[in-house]
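Please read the structure below before turning to the comments.
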Amino acid sequence: MDRNRDYTSVMARKGEIMKKSVGIDYGAFESGSIAFDYEGMMRETGYTLEEIIKIQSHVHVGNTPIIELRNLTALARKCAKPGFGARILIKDEAANPSGSFKARRAAIAIYHAKKLGFKGVISATSGNYGAAVASQAAMAGLKCIVVQECYDSKGLGQPEIIEKARKCEALGAEVVQLSVGPELFYKFLLLLEDTGYFNASLYTPFGIAGVETLGYEIAVQFQEKYGRHPDVVVCTNAGGGNLTGTARGLLKANAHSIVVGASVSLAGLHMASDGQFNRKSFTTGHTGFGVPFSSWPDRSDVPRSAARPLRYMDRYVTITQGSVFYMTEALASLEGLEKGPAGNTSLAAAFALAQEMPQDQMILVQETEYTGAGKHVQPQLSFARENGIKVTFGDPKDEVPGESLILPAHPSLIKATDVDLDHIRKSLIKTALGGGKTPTERDIQFLAEETRKDESFVRSAIAELQKNQ
Amino acid sequence: MIKKGAWVRIHKIVLEPRDRAPQVPEDTKTVPLELWVKGWLQKDAEIGKEAEILTRTGRKEEGTLLEENPTYRHGFGEFVPELLVISDQVRELVFGGGK
């Protein structure tokens, strides 16, 4: 193949490379204007829930236990006003083969790649998804490449990311490590083109449909054990797939729990900055992904993302880094469960939210993740300190991401901060209308579905945009 | 000299600073996009010199030879005593008092 391999030429071939590597004709769902057939895409290219349960069960994924956190609930009640402090429960997704809920997504992507006859899969991820893809590819006998943003320009990498590289390699994957920058996508495209492998993207319909079993299991297990559904389900929100899939699964089981997204606040840090790369203590589950991916899901590595969290989110909260580290230690000390901090983002939020809810209600944290050297509260705090971040006790509200990491002096200081969802909704509408498009009636209806609002909200947001132009 | 067939790690520049994407922040634009990958060395080579490897998926990559049998050096880091404070605090709040 004698094609230009420079940045501009490769990026210009993006559509062509993607089409070959995903096996979906996204054009079939496009309307030609803003709207596209989201449910149609999920239906036509996905699998039924029953098929997915079967595929996952064959590769030991899913059916993870729900654990009631009685001592953490007691701690929340010590901090809440009398009569408040809902029961806190956790779905132990670390029990999946690769140690996180991401195994659910990878199982379907790898099954599909194998069915289509691909010899290998590629995934661009620094997170748990890489390990999940590597684990599932190992079981399926497929080759696997994980492309990782790993080091800054001094060659310094976060212990968490390096641990995930180790895990991917232990599971037989080739790990391509890169320094900081969005051009990771350029190398990713070149690899897809050179190998002809399947793009095991997090954002295809298979990837999202794979998480629906998580929501479905929550509803079924709750019904069996407690005779009801959880009042609130808290999902860590980054790229949006975790929340989207869980919420869709809950709805498929007729559970109408309130779905809350939670992200670690990394306000002020630029995600593509070489200098700031190692000044954040969370590599996933943070607002650097959560906010942009909520307000514009189609920024991902496929033409249309199946992860569309704004369609399902009832509420979106942020929590500080120090609060998550505190709760991770509390989980180990009070419940005997040692888990990775990133997965505890939703736990820290739930701890604060439980205090707003009466004692007879139930709040479920829908994930845990594996932990170990590098991917543990201790190396992450130690790494922060080595990089000049001030780690102290105090009030988490004073934490400045990239400068300080404040461990709450008392658990009652752990607070969830609401994100203005209408602001994110308007931002989505603004991007959709980019370049001054005139929306059709169908587009208005679509934007109402995208933002989980009515058409009058969309119309007034558009009027507001036009007024400000 | 590292022998042909050894498991090694190489490094290369993927994009020079001038070739970086336009949307990259200023600090990132001043440094190249670098790559590290592991594989089997295809010919005897010296550390610091150009070398070709065959990766685990059977791809060929070229770059500067860095090390043989690359290992993992991450661990649990330096001890963070604050974690003991948190542990004692939550245990005292839940199980302490009156005992």
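Residue numbers start at 1 in each chain; chains themselves are named A, B, ... in the order of the structure tokens; ligands are numbered from 1 in the order shown.
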Proximity of chain A to chain B: per-residue shortest pair, 6 Å limit, only C-alpha atoms, as a tab-separated table:
residue	atom	partner	partner_atom	distance
A:Leu75	CA	B:Val94	CA	5.8
A:Lys143	CA	B:Thr57	CA	5.9
A:Pro159	CA	B:His74	CA	5.8
A:Glu174	CA	B:Arg56	CA	5.5
A:Val176	CA	B:Val37	CA	5.1
A:Gln177	CA	B:Trp36	CA	5.0
A:Leu178	CA	B:Leu35	CA	4.5
A:Ser179	CA	B:Glu34	CA	5.2
A:Ser273	CA	B:Thr28	CA	5.6
A:Asp274	CA	B:Thr28	CA	4.9
A:Ser333	CA	B:Ser87	CA	5.6
A:Ala373	CA	B:Gly75	CA	4.7
A:Gly374	CA	B:Gly75	CA	5.4
A:Pro379	CA	B:Gly77	CA	4.3
A:Ser382	CA	B:Glu78	CA	5.6
Practice task
Could you pull out the residues in stretch 99-204 of chain A that DSSP calls alpha helix (DSSP H) from the backbone, as number ranges by chain?
Solution key: A: 102-115, 128-140, 159-170, 184-195
Practice task
Identify, on the basis of only C-alpha atoms, every residue whose closest approach to stretch 290-297 of chain A does not exceed 10 Å; exclude the query and any residue fewer than 4 positions from it along the same chain; express the result as a PyMOL selection string.
Solution key: chain A and resi 203+236-241+261-265+284-286+303-311+313+316+318+419+421+423-432+450-451
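With distances taken over only C-alpha atoms, A:Leu184 is the one residue among A:Ile161, A:Leu184, A:Ile145, A:Val22 lying closest to A:Tyr7.
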Handout entry: Selection near A:Lys397, 10 Å with only C-alpha atoms, sequence-local residues under 5 positions removed, as a list in words
Key =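 What passes the distance filter is Ile319, Thr320, Gly322, Ser323, Ile406, Pro408, Leu413, Ile414, Lys415 and Thr417 of chain A.
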Please save all heavy atoms of the selected residues as a PDB file, in the first residue's frame.
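Once everything was written out, this is out27.pdb:
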ATOM      1  N   ILE A 319     -17.522  15.445  42.026  1.00  0.00           N
ATOM      2  CA  ILE A 319     -16.972  15.133  43.334  1.00  0.00           C
ATOM      3  C   ILE A 319     -15.465  15.408  43.239  1.00  0.00           C
ATOM      4  O   ILE A 319     -14.922  15.376  42.143  1.00  0.00           O
ATOM      5  CB  ILE A 319     -17.321  13.653  43.682  1.00  0.00           C
ATOM      6  CG1 ILE A 319     -17.199  13.341  45.143  1.00  0.00           C
ATOM      7  CG2 ILE A 319     -16.584  12.652  42.819  1.00  0.00           C
ATOM      8  CD1 ILE A 319     -18.467  13.547  45.900  1.00  0.00           C
ATOM      9  N   THR A 320     -14.815  15.701  44.341  1.00  0.00           N
ATOM     10  CA  THR A 320     -13.384  16.040  44.236  1.00  0.00           C
ATOM     11  C   THR A 320     -12.499  14.785  44.284  1.00  0.00           C
ATOM     12  O   THR A 320     -12.928  13.735  44.769  1.00  0.00           O
ATOM     13  CB  THR A 320     -12.952  16.977  45.384  1.00  0.00           C
ATOM     14  OG1 THR A 320     -13.067  16.253  46.610  1.00  0.00           O
ATOM     15  CG2 THR A 320     -13.806  18.232  45.441  1.00  0.00           C
ATOM     16  N   GLY A 322      -9.868  14.296  46.167  1.00  0.00           N
ATOM     17  CA  GLY A 322      -9.583  13.928  47.558  1.00  0.00           C
ATOM     18  C   GLY A 322     -10.732  13.153  48.189  1.00  0.00           C
ATOM     19  O   GLY A 322     -10.514  12.225  48.980  1.00  0.00           O
ATOM     20  N   SER A 323     -11.967  13.507  47.827  1.00  0.00           N
ATOM     21  CA  SER A 323     -13.134  12.810  48.379  1.00  0.00           C
ATOM     22  C   SER A 323     -13.167  11.358  47.908  1.00  0.00           C
ATOM     23  O   SER A 323     -13.525  10.447  48.662  1.00  0.00           O
ATOM     24  CB  SER A 323     -14.433  13.501  47.937  1.00  0.00           C
ATOM     25  OG  SER A 323     -14.445  14.836  48.394  1.00  0.00           O
ATOM     26  N   ILE A 406      -7.133  17.616  48.310  1.00  0.00           N
ATOM     27  CA  ILE A 406      -7.543  17.781  49.707  1.00  0.00           C
ATOM     28  C   ILE A 406      -8.364  16.592  50.184  1.00  0.00           C
ATOM     29  O   ILE A 406      -9.463  16.331  49.684  1.00  0.00           O
ATOM     30  CB  ILE A 406      -8.299  19.112  49.907  1.00  0.00           C
ATOM     31  CG1 ILE A 406      -7.350  20.262  49.511  1.00  0.00           C
ATOM     32  CG2 ILE A 406      -8.788  19.250  51.346  1.00  0.00           C
ATOM     33  CD1 ILE A 406      -7.905  21.638  49.714  1.00  0.00           C
ATOM     34  N   PRO A 408     -10.746  15.014  52.774  1.00  0.00           N
ATOM     35  CA  PRO A 408     -11.685  15.620  53.726  1.00  0.00           C
ATOM     36  C   PRO A 408     -11.228  15.404  55.175  1.00  0.00           C
ATOM     37  O   PRO A 408     -10.887  14.287  55.547  1.00  0.00           O
ATOM     38  CB  PRO A 408     -12.999  14.891  53.462  1.00  0.00           C
ATOM     39  CG  PRO A 408     -12.815  14.183  52.163  1.00  0.00           C
ATOM     40  CD  PRO A 408     -11.369  14.010  51.918  1.00  0.00           C
ATOM     41  N   LEU A 413     -17.727  16.412  55.233  1.00  0.00           N
ATOM     42  CA  LEU A 413     -17.339  17.459  54.273  1.00  0.00           C
ATOM     43  C   LEU A 413     -17.443  16.985  52.825  1.00  0.00           C
ATOM     44  O   LEU A 413     -17.274  17.774  51.891  1.00  0.00           O
ATOM     45  CB  LEU A 413     -15.909  17.925  54.564  1.00  0.00           C
ATOM     46  CG  LEU A 413     -15.690  18.625  55.904  1.00  0.00           C
ATOM     47  CD1 LEU A 413     -14.198  18.738  56.215  1.00  0.00           C
ATOM     48  CD2 LEU A 413     -16.343  20.009  55.900  1.00  0.00           C
ATOM     49  N   ILE A 414     -17.721  15.689  52.635  1.00  0.00           N
ATOM     50  CA  ILE A 414     -17.826  15.160  51.262  1.00  0.00           C
ATOM     51  C   ILE A 414     -19.162  15.580  50.668  1.00  0.00           C
ATOM     52  O   ILE A 414     -20.217  15.198  51.176  1.00  0.00           O
ATOM     53  CB  ILE A 414     -17.675  13.617  51.257  1.00  0.00           C
ATOM     54  CG1 ILE A 414     -16.279  13.241  51.748  1.00  0.00           C
ATOM     55  CG2 ILE A 414     -17.954  13.037  49.868  1.00  0.00           C
ATOM     56  CD1 ILE A 414     -16.068  11.755  51.971  1.00  0.00           C
ATOM     57  N   LYS A 415     -19.122  16.395  49.623  1.00  0.00           N
ATOM     58  CA  LYS A 415     -20.350  16.918  49.009  1.00  0.00           C
ATOM     59  C   LYS A 415     -20.335  16.656  47.512  1.00  0.00           C
ATOM     60  O   LYS A 415     -19.285  16.757  46.870  1.00  0.00           O
ATOM     61  CB  LYS A 415     -20.465  18.438  49.216  1.00  0.00           C
ATOM     62  CG  LYS A 415     -20.396  18.898  50.672  1.00  0.00           C
ATOM     63  CD  LYS A 415     -21.686  18.617  51.412  1.00  0.00           C
ATOM     64  CE  LYS A 415     -21.574  19.077  52.868  1.00  0.00           C
ATOM     65  NZ  LYS A 415     -22.489  18.362  53.764  1.00  0.00           N
ATOM     66  N   THR A 417     -21.500  18.102  43.984  1.00  0.00           N
ATOM     67  CA  THR A 417     -21.870  19.406  43.411  1.00  0.00           C
ATOM     68  C   THR A 417     -22.655  19.194  42.123  1.00  0.00           C
ATOM     69  O   THR A 417     -22.189  18.485  41.227  1.00  0.00           O
ATOM     70  CB  THR A 417     -20.589  20.219  43.095  1.00  0.00           C
ATOM     71  OG1 THR A 417     -19.811  20.276  44.294  1.00  0.00           O
ATOM     72  CG2 THR A 417     -20.913  21.620  42.625  1.00  0.00           C
TER      73      THR A 417
END
Problem - Residue neighbourhood A:Thr195, 12 Å, only C-alpha atoms, exclusion window fewer than 6 positions, as a ChimeraX atom specification - result: /A:1,17,20-21,118-122,143-145,188-189 /B:57-60
Handout entry: Pairwise distance for atom CA of A:Leu69 and atom CA of A:Leu89, rounded to one decimal in Å
Key =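 A separation of 5.4 Å between them.
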Problem - Residues flagged strand (DSSP E) by DSSP in stretch 124-294 of chain A, as a ChimeraX atom specification - result: /A:124,143-151,174-179,198-199,232-236,258-264
Exercise for the section: Excluding B:Glu62 and residues on its chain fewer than 5 positions from it, collect all residues at most 8 Å away from it, counting only C-alpha atoms, and give them as a PyMOL selection string. Expected result: chain B and resi 10+12+50-53
